[in-house]
file start_3.tsv (TSV, N, CA and C atoms)
chain	number	residue	atom	x	y	z
A	27	MET	N	99.49	118.31	118.67
A	27	MET	CA	99.17	119.62	118.18
A	27	MET	C	99.96	120.69	118.94
A	28	ALA	N	100.10	120.50	120.24
A	28	ALA	CA	100.81	121.50	121.05
A	28	ALA	C	102.25	121.65	120.59
A	29	PHE	N	102.88	120.53	120.25
A	29	PHE	CA	104.27	120.60	119.80
A	29	PHE	C	104.37	121.34	118.47
A	30	GLN	N	103.40	121.17	117.61
A	30	GLN	CA	103.39	121.89	116.33
A	30	GLN	C	103.12	123.37	116.56
A	31	LEU	N	102.29	123.70	117.54
A	31	LEU	CA	102.02	125.12	117.84
A	31	LEU	C	103.30	125.84	118.26
A	32	VAL	N	104.17	125.14	118.96
A	32	VAL	CA	105.44	125.77	119.36
A	32	VAL	C	106.23	126.16	118.12
A	33	ASN	N	106.24	125.29	117.10
A	33	ASN	CA	106.97	125.59	115.86
A	33	ASN	C	106.32	126.72	115.08
A	34	VAL	N	105.00	126.76	115.08
A	34	VAL	CA	104.28	127.74	114.26
A	34	VAL	C	104.13	129.09	114.96
A	35	GLN	N	103.86	129.06	116.27
A	35	GLN	CA	103.64	130.31	116.99
A	35	GLN	C	104.74	130.52	118.02
A	36	SER	N	104.48	130.16	119.26
A	36	SER	CA	105.50	130.32	120.30
A	36	SER	C	105.18	129.36	121.45
A	37	LEU	N	106.14	129.19	122.33
A	37	LEU	CA	105.96	128.32	123.47
A	37	LEU	C	104.84	128.83	124.38
A	38	GLU	N	104.79	130.14	124.57
A	38	GLU	CA	103.78	130.73	125.45
A	38	GLU	C	102.37	130.49	124.91
A	39	LEU	N	102.17	130.71	123.61
A	39	LEU	CA	100.85	130.50	123.02
A	39	LEU	C	100.46	129.03	123.02
A	40	ALA	N	101.43	128.15	122.78
A	40	ALA	CA	101.14	126.72	122.82
A	40	ALA	C	100.76	126.29	124.23
A	41	ALA	N	101.50	126.76	125.23
A	41	ALA	CA	101.18	126.43	126.62
A	41	ALA	C	99.80	126.94	127.01
A	42	LYS	N	99.44	128.14	126.55
A	42	LYS	CA	98.12	128.69	126.84
A	42	LYS	C	97.02	127.88	126.17
A	43	ALA	N	97.26	127.46	124.92
A	43	ALA	CA	96.25	126.66	124.20
A	43	ALA	C	96.01	125.32	124.91
A	44	VAL	N	97.08	124.67	125.34
A	44	VAL	CA	96.92	123.39	126.05
A	44	VAL	C	96.24	123.62	127.39
A	45	SER	N	96.65	124.64	128.10
A	45	SER	CA	96.05	124.95	129.40
A	45	SER	C	94.55	125.24	129.26
A	46	ASP	N	94.20	126.04	128.27
A	46	ASP	CA	92.79	126.36	128.05
A	46	ASP	C	91.98	125.13	127.63
A	47	SER	N	92.61	124.21	126.90
A	47	SER	CA	91.87	123.04	126.43
A	47	SER	C	91.53	122.09	127.57
A	48	TYR	N	92.26	122.15	128.67
A	48	TYR	CA	91.94	121.31	129.82
A	48	TYR	C	90.60	121.70	130.44
A	49	GLN	N	90.18	122.92	130.24
A	49	GLN	CA	88.92	123.38	130.80
A	49	GLN	C	87.73	123.12	129.88
A	50	ALA	N	88.00	122.74	128.64
A	50	ALA	CA	86.92	122.52	127.67
A	50	ALA	C	86.14	121.26	128.02
A	51	PHE	N	84.85	121.27	127.73
A	51	PHE	CA	84.01	120.10	127.99
A	51	PHE	C	84.34	118.99	127.01
A	52	HIS	N	84.45	117.80	127.55
A	52	HIS	CA	84.61	116.61	126.71
A	52	HIS	C	83.97	115.45	127.46
A	53	ILE	N	83.08	114.74	126.81
A	53	ILE	CA	82.30	113.69	127.46
A	53	ILE	C	83.19	112.57	128.01
A	54	ILE	N	84.30	112.28	127.36
A	54	ILE	CA	85.18	111.19	127.79
A	54	ILE	C	85.76	111.46	129.17
A	55	ARG	N	85.92	112.73	129.53
A	55	ARG	CA	86.48	113.07	130.84
A	55	ARG	C	85.70	112.40	131.96
A	56	TYR	N	84.41	112.23	131.79
A	56	TYR	CA	83.58	111.67	132.84
A	56	TYR	C	83.69	110.15	132.92
A	57	PHE	N	84.37	109.53	131.97
A	57	PHE	CA	84.56	108.08	131.98
A	57	PHE	C	86.00	107.70	132.37
A	58	ASN	N	86.86	108.68	132.64
A	58	ASN	CA	88.25	108.39	132.96
A	58	ASN	C	88.39	107.43	134.14
A	59	GLY	N	87.64	107.66	135.18
A	59	GLY	CA	87.71	106.79	136.35
A	59	GLY	C	87.32	105.37	136.02
A	60	MET	N	86.28	105.21	135.22
A	60	MET	CA	85.85	103.87	134.83
A	60	MET	C	86.88	103.20	133.94
A	61	MET	N	87.53	103.97	133.06
A	61	MET	CA	88.56	103.39	132.20
A	61	MET	C	89.75	102.93	133.04
A	62	MET	N	90.13	103.71	134.01
A	62	MET	CA	91.25	103.32	134.87
A	62	MET	C	90.88	102.10	135.71
A	63	PHE	N	89.67	102.06	136.23
A	63	PHE	CA	89.21	100.91	136.98
A	63	PHE	C	89.15	99.68	136.08
A	64	GLY	N	88.88	99.87	134.79
A	64	GLY	CA	88.81	98.77	133.84
A	64	GLY	C	90.13	98.02	133.73
A	65	TRP	N	91.27	98.73	133.86
A	65	TRP	CA	92.57	98.05	133.82
A	65	TRP	C	92.70	97.10	135.01
A	66	LEU	N	92.24	97.55	136.19
A	66	LEU	CA	92.28	96.67	137.36
A	66	LEU	C	91.38	95.46	137.17
A	67	LEU	N	90.20	95.71	136.67
A	67	LEU	CA	89.25	94.62	136.43
A	67	LEU	C	89.80	93.63	135.41
A	68	LEU	N	90.42	94.13	134.37
A	68	LEU	CA	91.03	93.27	133.35
A	68	LEU	C	92.16	92.43	133.96
A	69	ALA	N	92.98	93.04	134.80
A	69	ALA	CA	94.08	92.32	135.44
A	69	ALA	C	93.56	91.23	136.37
A	70	ILE	N	92.54	91.55	137.14
A	70	ILE	CA	91.95	90.56	138.04
A	70	ILE	C	91.35	89.41	137.23
A	71	GLY	N	90.64	89.74	136.16
A	71	GLY	CA	90.05	88.70	135.32
A	71	GLY	C	91.10	87.82	134.65
A	72	ALA	N	92.20	88.43	134.21
A	72	ALA	CA	93.28	87.66	133.58
A	72	ALA	C	93.92	86.72	134.58
A	73	TYR	N	94.06	87.16	135.83
A	73	TYR	CA	94.64	86.30	136.86
A	73	TYR	C	93.67	85.18	137.26
A	74	ARG	N	92.42	85.56	137.52
A	74	ARG	CA	91.44	84.56	137.98
A	74	ARG	C	91.13	83.52	136.93
A	75	SER	N	91.21	83.89	135.65
A	75	SER	CA	90.93	82.92	134.59
A	75	SER	C	92.12	82.02	134.31
A	76	GLY	N	93.27	82.35	134.88
A	76	GLY	CA	94.47	81.55	134.65
A	76	GLY	C	95.22	81.95	133.39
A	77	LEU	N	94.76	82.99	132.71
A	77	LEU	CA	95.42	83.45	131.49
A	77	LEU	C	96.80	84.01	131.80
A	78	MET	N	96.91	84.72	132.91
A	78	MET	CA	98.19	85.31	133.33
A	78	MET	C	98.45	84.95	134.78
A	79	GLY	N	99.74	84.86	135.11
A	79	GLY	CA	100.13	84.63	136.49
A	79	GLY	C	100.04	85.93	137.28
A	80	LEU	N	100.42	85.85	138.53
A	80	LEU	CA	100.32	86.99	139.42
A	80	LEU	C	101.21	88.16	138.96
A	81	ILE	N	102.44	87.87	138.55
A	81	ILE	CA	103.37	88.94	138.15
A	81	ILE	C	102.85	89.67	136.91
A	82	ARG	N	102.46	88.91	135.89
A	82	ARG	CA	101.98	89.56	134.66
A	82	ARG	C	100.66	90.28	134.90
A	83	SER	N	99.80	89.75	135.74
A	83	SER	CA	98.54	90.44	136.06
A	83	SER	C	98.81	91.74	136.81
A	84	ALA	N	99.77	91.71	137.72
A	84	ALA	CA	100.15	92.93	138.44
A	84	ALA	C	100.76	93.94	137.47
A	85	ALA	N	101.56	93.46	136.52
A	85	ALA	CA	102.15	94.36	135.53
A	85	ALA	C	101.04	95.00	134.68
A	86	LEU	N	100.02	94.21	134.35
A	86	LEU	CA	98.88	94.77	133.59
A	86	LEU	C	98.14	95.81	134.42
A	87	ALA	N	98.02	95.55	135.71
A	87	ALA	CA	97.30	96.48	136.59
A	87	ALA	C	98.02	97.82	136.74
A	88	THR	N	99.32	97.89	136.42
A	88	THR	CA	100.02	99.17	136.55
A	88	THR	C	99.44	100.23	135.62
A	89	MET	N	98.74	99.81	134.58
A	89	MET	CA	98.13	100.79	133.67
A	89	MET	C	97.10	101.66	134.39
A	90	PHE	N	96.62	101.20	135.54
A	90	PHE	CA	95.71	101.99	136.36
A	90	PHE	C	96.32	103.34	136.72
A	91	PHE	N	97.64	103.35	136.87
A	91	PHE	CA	98.33	104.57	137.31
A	91	PHE	C	98.75	105.48	136.17
A	92	LEU	N	98.57	105.04	134.92
A	92	LEU	CA	98.96	105.88	133.79
A	92	LEU	C	97.99	107.04	133.65
A	93	PRO	N	98.49	108.26	133.67
A	93	PRO	CA	97.59	109.41	133.57
A	93	PRO	C	96.88	109.45	132.22
A	94	LEU	N	95.64	109.85	132.26
A	94	LEU	CA	94.87	110.03	131.03
A	94	LEU	C	94.84	111.51	130.71
A	95	GLY	N	94.85	111.84	129.43
A	95	GLY	CA	94.73	113.24	129.08
A	95	GLY	C	95.56	113.62	127.88
A	96	THR	N	95.63	114.92	127.66
A	96	THR	CA	96.25	115.48	126.48
A	96	THR	C	97.73	115.11	126.37
A	97	LEU	N	98.44	115.16	127.47
A	97	LEU	CA	99.88	114.91	127.44
A	97	LEU	C	100.24	113.57	128.08
A	98	LYS	N	99.38	112.59	127.92
A	98	LYS	CA	99.65	111.26	128.48
A	98	LYS	C	100.98	110.76	127.92
A	99	GLY	N	101.78	110.18	128.77
A	99	GLY	CA	103.05	109.64	128.33
A	99	GLY	C	104.20	110.60	128.50
A	100	THR	N	103.94	111.81	128.97
A	100	THR	CA	105.02	112.78	129.09
A	100	THR	C	105.56	112.87	130.51
A	101	ARG	N	104.97	112.15	131.43
A	101	ARG	CA	105.45	112.18	132.81
A	101	ARG	C	106.58	111.18	133.01
A	102	PHE	N	107.34	111.35	134.07
A	102	PHE	CA	108.51	110.50	134.32
A	102	PHE	C	108.14	109.02	134.43
A	103	GLU	N	107.06	108.72	135.11
A	103	GLU	CA	106.71	107.33	135.37
A	103	GLU	C	106.02	106.63	134.20
A	104	SER	N	105.59	107.37	133.21
A	104	SER	CA	104.82	106.79	132.10
A	104	SER	C	105.55	105.65	131.37
A	105	PRO	N	106.83	105.78	131.02
A	105	PRO	CA	107.50	104.66	130.34
A	105	PRO	C	107.53	103.39	131.18
A	106	PHE	N	107.65	103.53	132.50
A	106	PHE	CA	107.69	102.36	133.37
A	106	PHE	C	106.31	101.68	133.43
A	107	LEU	N	105.27	102.48	133.39
A	107	LEU	CA	103.91	101.92	133.40
A	107	LEU	C	103.61	101.22	132.08
A	108	ILE	N	104.08	101.79	130.98
A	108	ILE	CA	103.91	101.15	129.66
A	108	ILE	C	104.73	99.86	129.61
A	109	LEU	N	105.89	99.85	130.26
A	109	LEU	CA	106.69	98.63	130.34
A	109	LEU	C	105.89	97.52	131.03
A	110	GLY	N	105.11	97.88	132.05
A	110	GLY	CA	104.25	96.90	132.70
A	110	GLY	C	103.26	96.28	131.72
A	111	LEU	N	102.70	97.10	130.85
A	111	LEU	CA	101.78	96.59	129.84
A	111	LEU	C	102.50	95.63	128.90
A	112	CYS	N	103.72	95.97	128.52
A	112	CYS	CA	104.50	95.08	127.65
A	112	CYS	C	104.83	93.76	128.35
A	113	ILE	N	105.20	93.83	129.63
A	113	ILE	CA	105.50	92.61	130.39
A	113	ILE	C	104.27	91.71	130.43
A	114	ALA	N	103.10	92.31	130.53
A	114	ALA	CA	101.87	91.53	130.61
A	114	ALA	C	101.46	90.95	129.26
A	115	LEU	N	101.56	91.73	128.20
A	115	LEU	CA	100.93	91.33	126.94
A	115	LEU	C	101.87	90.72	125.90
A	116	VAL	N	103.16	91.06	125.90
A	116	VAL	CA	104.06	90.51	124.89
A	116	VAL	C	104.15	88.98	124.98
A	117	PRO	N	104.33	88.40	126.19
A	117	PRO	CA	104.35	86.93	126.24
A	117	PRO	C	103.04	86.30	125.75
A	118	LEU	N	101.93	86.96	126.02
A	118	LEU	CA	100.64	86.45	125.54
A	118	LEU	C	100.59	86.48	124.01
A	119	GLY	N	101.09	87.55	123.41
A	119	GLY	CA	101.14	87.64	121.95
A	119	GLY	C	102.02	86.57	121.34
A	120	ILE	N	103.15	86.32	121.95
A	120	ILE	CA	104.06	85.27	121.45
A	120	ILE	C	103.39	83.91	121.57
A	121	GLN	N	102.70	83.68	122.67
A	121	GLN	CA	102.00	82.42	122.86
A	121	GLN	C	100.92	82.21	121.81
A	122	VAL	N	100.16	83.25	121.51
A	122	VAL	CA	99.12	83.15	120.49
A	122	VAL	C	99.73	82.87	119.12
A	123	LEU	N	100.84	83.53	118.81
A	123	LEU	CA	101.49	83.30	117.52
A	123	LEU	C	102.04	81.88	117.41
A	124	ARG	N	102.54	81.34	118.51
A	124	ARG	CA	103.11	79.98	118.47
A	124	ARG	C	102.04	78.90	118.45
A	125	GLU	N	101.00	79.07	119.25
A	125	GLU	CA	100.02	78.00	119.44
A	125	GLU	C	98.76	78.15	118.59
A	126	GLY	N	98.53	79.34	118.10
A	126	GLY	CA	97.31	79.57	117.32
A	126	GLY	C	97.45	79.07	115.90
A	127	PRO	N	96.36	79.15	115.14
A	127	PRO	CA	96.44	78.74	113.74
A	127	PRO	C	97.32	79.71	112.95
A	128	PRO	N	97.92	79.23	111.87
A	128	PRO	CA	98.75	80.14	111.07
A	128	PRO	C	97.87	81.22	110.42
A	129	PRO	N	98.43	82.40	110.21
A	129	PRO	CA	97.64	83.46	109.60
A	129	PRO	C	97.27	83.12	108.15
A	130	SER	N	96.12	83.61	107.75
A	130	SER	CA	95.68	83.38	106.37
A	130	SER	C	96.52	84.20	105.40
A	131	ARG	N	96.42	83.85	104.12
A	131	ARG	CA	97.16	84.61	103.10
A	131	ARG	C	96.71	86.07	103.08
A	132	LYS	N	95.42	86.29	103.26
A	132	LYS	CA	94.88	87.65	103.26
A	132	LYS	C	95.47	88.47	104.44
A	133	ALA	N	95.58	87.84	105.61
A	133	ALA	CA	96.15	88.53	106.77
A	133	ALA	C	97.61	88.86	106.54
A	134	ILE	N	98.34	87.96	105.91
A	134	ILE	CA	99.76	88.20	105.62
A	134	ILE	C	99.91	89.36	104.65
A	135	ILE	N	99.09	89.38	103.61
A	135	ILE	CA	99.15	90.46	102.62
A	135	ILE	C	98.84	91.80	103.28
A	136	TRP	N	97.80	91.85	104.13
A	136	TRP	CA	97.45	93.10	104.81
A	136	TRP	C	98.57	93.55	105.75
A	137	THR	N	99.16	92.62	106.45
A	137	THR	CA	100.26	92.96	107.35
A	137	THR	C	101.43	93.55	106.58
A	138	ILE	N	101.81	92.92	105.49
A	138	ILE	CA	102.91	93.43	104.67
A	138	ILE	C	102.57	94.81	104.12
A	139	ALA	N	101.34	94.98	103.65
A	139	ALA	CA	100.93	96.28	103.10
A	139	ALA	C	100.99	97.37	104.16
A	140	LEU	N	100.52	97.10	105.35
A	140	LEU	CA	100.53	98.11	106.41
A	140	LEU	C	101.95	98.44	106.86
A	141	VAL	N	102.80	97.45	106.92
A	141	VAL	CA	104.20	97.70	107.28
A	141	VAL	C	104.87	98.56	106.21
A	142	LEU	N	104.61	98.25	104.93
A	142	LEU	CA	105.19	99.04	103.84
A	142	LEU	C	104.70	100.49	103.88
A	143	VAL	N	103.42	100.70	104.12
A	143	VAL	CA	102.89	102.06	104.22
A	143	VAL	C	103.58	102.81	105.36
A	144	GLN	N	103.77	102.14	106.50
A	144	GLN	CA	104.44	102.78	107.62
A	144	GLN	C	105.88	103.14	107.27
A	145	ILE	N	106.57	102.25	106.60
A	145	ILE	CA	107.95	102.52	106.18
A	145	ILE	C	107.99	103.70	105.22
A	146	ILE	N	107.05	103.75	104.29
A	146	ILE	CA	106.99	104.87	103.34
A	146	ILE	C	106.80	106.19	104.08
A	147	PHE	N	105.90	106.23	105.06
A	147	PHE	CA	105.68	107.47	105.81
A	147	PHE	C	106.91	107.86	106.63
A	148	ILE	N	107.59	106.89	107.18
A	148	ILE	CA	108.81	107.20	107.94
A	148	ILE	C	109.87	107.79	107.01
A	149	VAL	N	110.07	107.17	105.86
A	149	VAL	CA	111.05	107.67	104.89
A	149	VAL	C	110.67	109.07	104.42
A	150	LEU	N	109.39	109.29	104.12
A	150	LEU	CA	108.94	110.61	103.68
A	150	LEU	C	109.15	111.66	104.77
A	151	SER	N	108.90	111.29	106.01
A	151	SER	CA	109.08	112.27	107.09
A	151	SER	C	110.55	112.62	107.29
A	152	ILE	N	111.43	111.68	106.97
A	152	ILE	CA	112.87	111.97	107.07
A	152	ILE	C	113.34	112.81	105.89
A	153	LEU	N	112.88	112.46	104.69
A	153	LEU	CA	113.33	113.16	103.49
A	153	LEU	C	112.69	114.54	103.34
A	154	PHE	N	111.43	114.66	103.75
A	154	PHE	CA	110.69	115.92	103.57
A	154	PHE	C	110.05	116.35	104.88
A	155	PRO	N	110.85	116.75	105.87
A	155	PRO	CA	110.27	117.11	107.18
A	155	PRO	C	109.33	118.30	107.09
A	156	GLU	N	109.58	119.23	106.17
A	156	GLU	CA	108.70	120.40	106.06
A	156	GLU	C	107.32	120.01	105.54
A	157	PHE	N	107.24	118.97	104.73
A	157	PHE	CA	105.94	118.51	104.21
A	157	PHE	C	105.12	117.88	105.33
A	158	MET	N	105.76	117.16	106.23
A	158	MET	CA	105.06	116.47	107.30
A	158	MET	C	104.56	117.43	108.38
A	159	ARG	N	105.04	118.65	108.41
A	159	ARG	CA	104.60	119.65	109.39
A	159	ARG	C	103.28	120.29	109.01
A	160	ARG	N	102.86	120.10	107.79
A	160	ARG	CA	101.62	120.75	107.33
A	160	ARG	C	100.41	120.11	107.92

call {"tool": "encode", "arguments": {"input": "start_3.tsv", "output": "structure tokens"}}
result
Amino acid sequence: MAFQLVNVQSLELAAKAVSDSYQAFHIIRYFNGMMMFGWLLLAIGAYRSGLMGLIRSAALATMFFLPLGTLKGTRFESPFLILGLCIALVPLGIQVLREGPPPSRKAIIWTIALVLVQIIFIVLSILFPEFMRR
């Protein structure tokens, strides 16, 4: 929303709106610490259960350092922390796809439908950028 405010109003008003929103009450704010601790707990559980080795569990634990909030992902270190999540979970996803049962016909149809919808929205946003700003 803040990025759209810059286009509609000005940088100063957008910065003020984001700044003011940090002071607004939101119940989730009080669970941020528990959510961050949950990444550590998940990493420890993945290691202790033997699901992941030490390196992948440590990579999963890096999510503890990812800032939570309105502009999450905009800091310098955020891409590196997300890379840790990918290092931890992508091999697990590949393993599940290789060793698990094949997907049902219904799951395949839904996957294709969702991918097509995403492609349609990407094409529309490229062809009609003014429509997507509304």

call {"tool": "closest_residue", "arguments": {"input": "start_3.tsv", "among": "A:Leu67, A:Cys112, A:Gly119, A:Asn58", "to": "Leu94 in chain A", "atoms": "only C-alpha atoms"}}
result
A:Asn58

call {"tool": "select_by_dssp", "arguments": {"input": "start_3.tsv", "residues": "chain A", "states": "alpha helix (DSSP H)", "output": "PyMOL selection string"}}
result
chain A and resi 28-34+37-47+58-74+80-87+104-125+131-153+155-158

call {"tool": "atom_distance", "arguments": {"input": "start_3.tsv", "atom1": "CA of Ile54 in chain A", "atom2": "CA of Pro93 in chain A"}}
result
13.8 Å

call {"tool": "atom_distance", "arguments": {"input": "start_3.tsv", "atom1": "atom C of Gly59 in chain A", "atom2": "CA of Arg74 in chain A"}}
result
21.3 Å

call {"tool": "closest_residue", "arguments": {"input": "start_3.tsv", "among": "A:Leu123, A:Ile152, A:Leu68, A:Ile135", "to": "Leu86 in chain A", "atoms": "all atoms listed in the file"}}
result
A:Leu68

call {"tool": "atom_distance", "arguments": {"input": "start_3.tsv", "atom1": "atom C of Gln49 in chain A", "atom2": "CA of Thr88 in chain A"}}
result
27.7 Å

call {"tool": "axis_aligned_box", "arguments": {"input": "start_3.tsv", "around": "range 72-75 of chain A", "padding_each_side": "5 Å", "output": "lines of an AutoDock Vina configuration file"}}
result
center_x = 92.8
center_y = 85.2
center_z = 135.8
size_x = 13.7
size_y = 16.4
size_z = 14.4

call {"tool": "residues_around", "arguments": {"input": "start_3.tsv", "residues": "range 105-107 of chain A", "least_positions_apart": "4", "cutoff": "8 Å", "atoms": "only C-alpha atoms", "output": "list in words"}}
result
Thr88, Met89, Phe91, Leu92, Gly99 and Leu111 of chain A

call {"tool": "decode", "arguments": {"input": "start_3.tsv", "residues": "range 121-131 of chain A", "atoms": "all heavy atoms", "output": "PDB file, in the first residue's frame"}}
result
ATOM      1  N   GLN A 121      12.404 -34.150  -2.061  1.00  0.00           N
ATOM      2  CA  GLN A 121      12.327 -35.499  -1.497  1.00  0.00           C
ATOM      3  C   GLN A 121      10.888 -35.990  -1.420  1.00  0.00           C
ATOM      4  O   GLN A 121      10.583 -37.134  -1.782  1.00  0.00           O
ATOM      5  CB  GLN A 121      12.955 -35.512  -0.101  1.00  0.00           C
ATOM      6  CG  GLN A 121      12.880 -36.851   0.598  1.00  0.00           C
ATOM      7  CD  GLN A 121      13.416 -36.769   2.023  1.00  0.00           C
ATOM      8  OE1 GLN A 121      13.982 -35.758   2.440  1.00  0.00           O
ATOM      9  NE2 GLN A 121      13.227 -37.837   2.761  1.00  0.00           N
ATOM     10  N   VAL A 122       9.983 -35.133  -0.982  1.00  0.00           N
ATOM     11  CA  VAL A 122       8.567 -35.516  -0.900  1.00  0.00           C
ATOM     12  C   VAL A 122       8.009 -35.817  -2.287  1.00  0.00           C
ATOM     13  O   VAL A 122       7.264 -36.780  -2.475  1.00  0.00           O
ATOM     14  CB  VAL A 122       7.747 -34.406  -0.191  1.00  0.00           C
ATOM     15  CG1 VAL A 122       6.260 -34.620  -0.352  1.00  0.00           C
ATOM     16  CG2 VAL A 122       8.117 -34.330   1.274  1.00  0.00           C
ATOM     17  N   LEU A 123       8.376 -34.999  -3.271  1.00  0.00           N
ATOM     18  CA  LEU A 123       7.890 -35.236  -4.633  1.00  0.00           C
ATOM     19  C   LEU A 123       8.429 -36.543  -5.211  1.00  0.00           C
ATOM     20  O   LEU A 123       7.721 -37.244  -5.935  1.00  0.00           O
ATOM     21  CB  LEU A 123       8.275 -34.067  -5.545  1.00  0.00           C
ATOM     22  CG  LEU A 123       7.501 -32.773  -5.318  1.00  0.00           C
ATOM     23  CD1 LEU A 123       8.093 -31.648  -6.157  1.00  0.00           C
ATOM     24  CD2 LEU A 123       6.031 -32.955  -5.618  1.00  0.00           C
ATOM     25  N   ARG A 124       9.671 -36.878  -4.879  1.00  0.00           N
ATOM     26  CA  ARG A 124      10.268 -38.107  -5.418  1.00  0.00           C
ATOM     27  C   ARG A 124       9.765 -39.362  -4.716  1.00  0.00           C
ATOM     28  O   ARG A 124       9.511 -40.381  -5.353  1.00  0.00           O
ATOM     29  CB  ARG A 124      11.784 -38.055  -5.292  1.00  0.00           C
ATOM     30  CG  ARG A 124      12.419 -37.165  -6.312  1.00  0.00           C
ATOM     31  CD  ARG A 124      13.917 -37.279  -6.227  1.00  0.00           C
ATOM     32  NE  ARG A 124      14.529 -36.467  -7.272  1.00  0.00           N
ATOM     33  CZ  ARG A 124      15.785 -36.104  -7.260  1.00  0.00           C
ATOM     34  NH1 ARG A 124      16.573 -36.478  -6.299  1.00  0.00           N
ATOM     35  NH2 ARG A 124      16.258 -35.365  -8.238  1.00  0.00           N
ATOM     36  N   GLU A 125       9.648 -39.305  -3.397  1.00  0.00           N
ATOM     37  CA  GLU A 125       9.356 -40.504  -2.616  1.00  0.00           C
ATOM     38  C   GLU A 125       7.890 -40.661  -2.244  1.00  0.00           C
ATOM     39  O   GLU A 125       7.468 -41.751  -1.882  1.00  0.00           O
ATOM     40  CB  GLU A 125      10.205 -40.511  -1.344  1.00  0.00           C
ATOM     41  CG  GLU A 125      11.694 -40.553  -1.633  1.00  0.00           C
ATOM     42  CD  GLU A 125      12.535 -40.408  -0.374  1.00  0.00           C
ATOM     43  OE1 GLU A 125      11.945 -40.366   0.729  1.00  0.00           O
ATOM     44  OE2 GLU A 125      13.764 -40.330  -0.498  1.00  0.00           O
ATOM     45  N   GLY A 126       7.143 -39.587  -2.318  1.00  0.00           N
ATOM     46  CA  GLY A 126       5.739 -39.647  -1.924  1.00  0.00           C
ATOM     47  C   GLY A 126       4.874 -40.248  -3.012  1.00  0.00           C
ATOM     48  O   GLY A 126       5.324 -40.541  -4.121  1.00  0.00           O
ATOM     49  N   PRO A 127       3.599 -40.432  -2.702  1.00  0.00           N
ATOM     50  CA  PRO A 127       2.689 -40.962  -3.722  1.00  0.00           C
ATOM     51  C   PRO A 127       2.490 -39.929  -4.837  1.00  0.00           C
ATOM     52  O   PRO A 127       2.628 -38.730  -4.609  1.00  0.00           O
ATOM     53  CB  PRO A 127       1.385 -41.183  -2.951  1.00  0.00           C
ATOM     54  CG  PRO A 127       1.461 -40.255  -1.794  1.00  0.00           C
ATOM     55  CD  PRO A 127       2.920 -40.147  -1.449  1.00  0.00           C
ATOM     56  N   PRO A 128       2.175 -40.395  -6.039  1.00  0.00           N
ATOM     57  CA  PRO A 128       1.949 -39.431  -7.126  1.00  0.00           C
ATOM     58  C   PRO A 128       0.701 -38.592  -6.832  1.00  0.00           C
ATOM     59  O   PRO A 128      -0.234 -39.068  -6.181  1.00  0.00           O
ATOM     60  CB  PRO A 128       1.754 -40.321  -8.353  1.00  0.00           C
ATOM     61  CG  PRO A 128       1.390 -41.658  -7.829  1.00  0.00           C
ATOM     62  CD  PRO A 128       1.999 -41.775  -6.467  1.00  0.00           C
ATOM     63  N   PRO A 129       0.683 -37.365  -7.309  1.00  0.00           N
ATOM     64  CA  PRO A 129      -0.485 -36.518  -7.055  1.00  0.00           C
ATOM     65  C   PRO A 129      -1.725 -37.057  -7.771  1.00  0.00           C
ATOM     66  O   PRO A 129      -1.636 -37.649  -8.845  1.00  0.00           O
ATOM     67  CB  PRO A 129      -0.077 -35.156  -7.605  1.00  0.00           C
ATOM     68  CG  PRO A 129       1.068 -35.414  -8.514  1.00  0.00           C
ATOM     69  CD  PRO A 129       1.711 -36.673  -8.064  1.00  0.00           C
ATOM     70  N   SER A 130      -2.862 -36.816  -7.161  1.00  0.00           N
ATOM     71  CA  SER A 130      -4.120 -37.259  -7.765  1.00  0.00           C
ATOM     72  C   SER A 130      -4.444 -36.396  -8.979  1.00  0.00           C
ATOM     73  O   SER A 130      -3.871 -35.328  -9.173  1.00  0.00           O
ATOM     74  CB  SER A 130      -5.254 -37.157  -6.744  1.00  0.00           C
ATOM     75  OG  SER A 130      -5.494 -35.796  -6.429  1.00  0.00           O
ATOM     76  N   ARG A 131      -5.388 -36.877  -9.787  1.00  0.00           N
ATOM     77  CA  ARG A 131      -5.806 -36.103 -10.960  1.00  0.00           C
ATOM     78  C   ARG A 131      -6.388 -34.754 -10.542  1.00  0.00           C
ATOM     79  O   ARG A 131      -6.135 -33.727 -11.181  1.00  0.00           O
ATOM     80  CB  ARG A 131      -6.869 -36.901 -11.715  1.00  0.00           C
ATOM     81  CG  ARG A 131      -6.607 -36.969 -13.184  1.00  0.00           C
ATOM     82  CD  ARG A 131      -7.603 -37.831 -13.856  1.00  0.00           C
ATOM     83  NE  ARG A 131      -6.957 -39.137 -14.027  1.00  0.00           N
ATOM     84  CZ  ARG A 131      -7.402 -40.072 -14.800  1.00  0.00           C
ATOM     85  NH1 ARG A 131      -8.511 -39.902 -15.458  1.00  0.00           N
ATOM     86  NH2 ARG A 131      -6.760 -41.198 -14.936  1.00  0.00           N
TER      87      ARG A 131
END
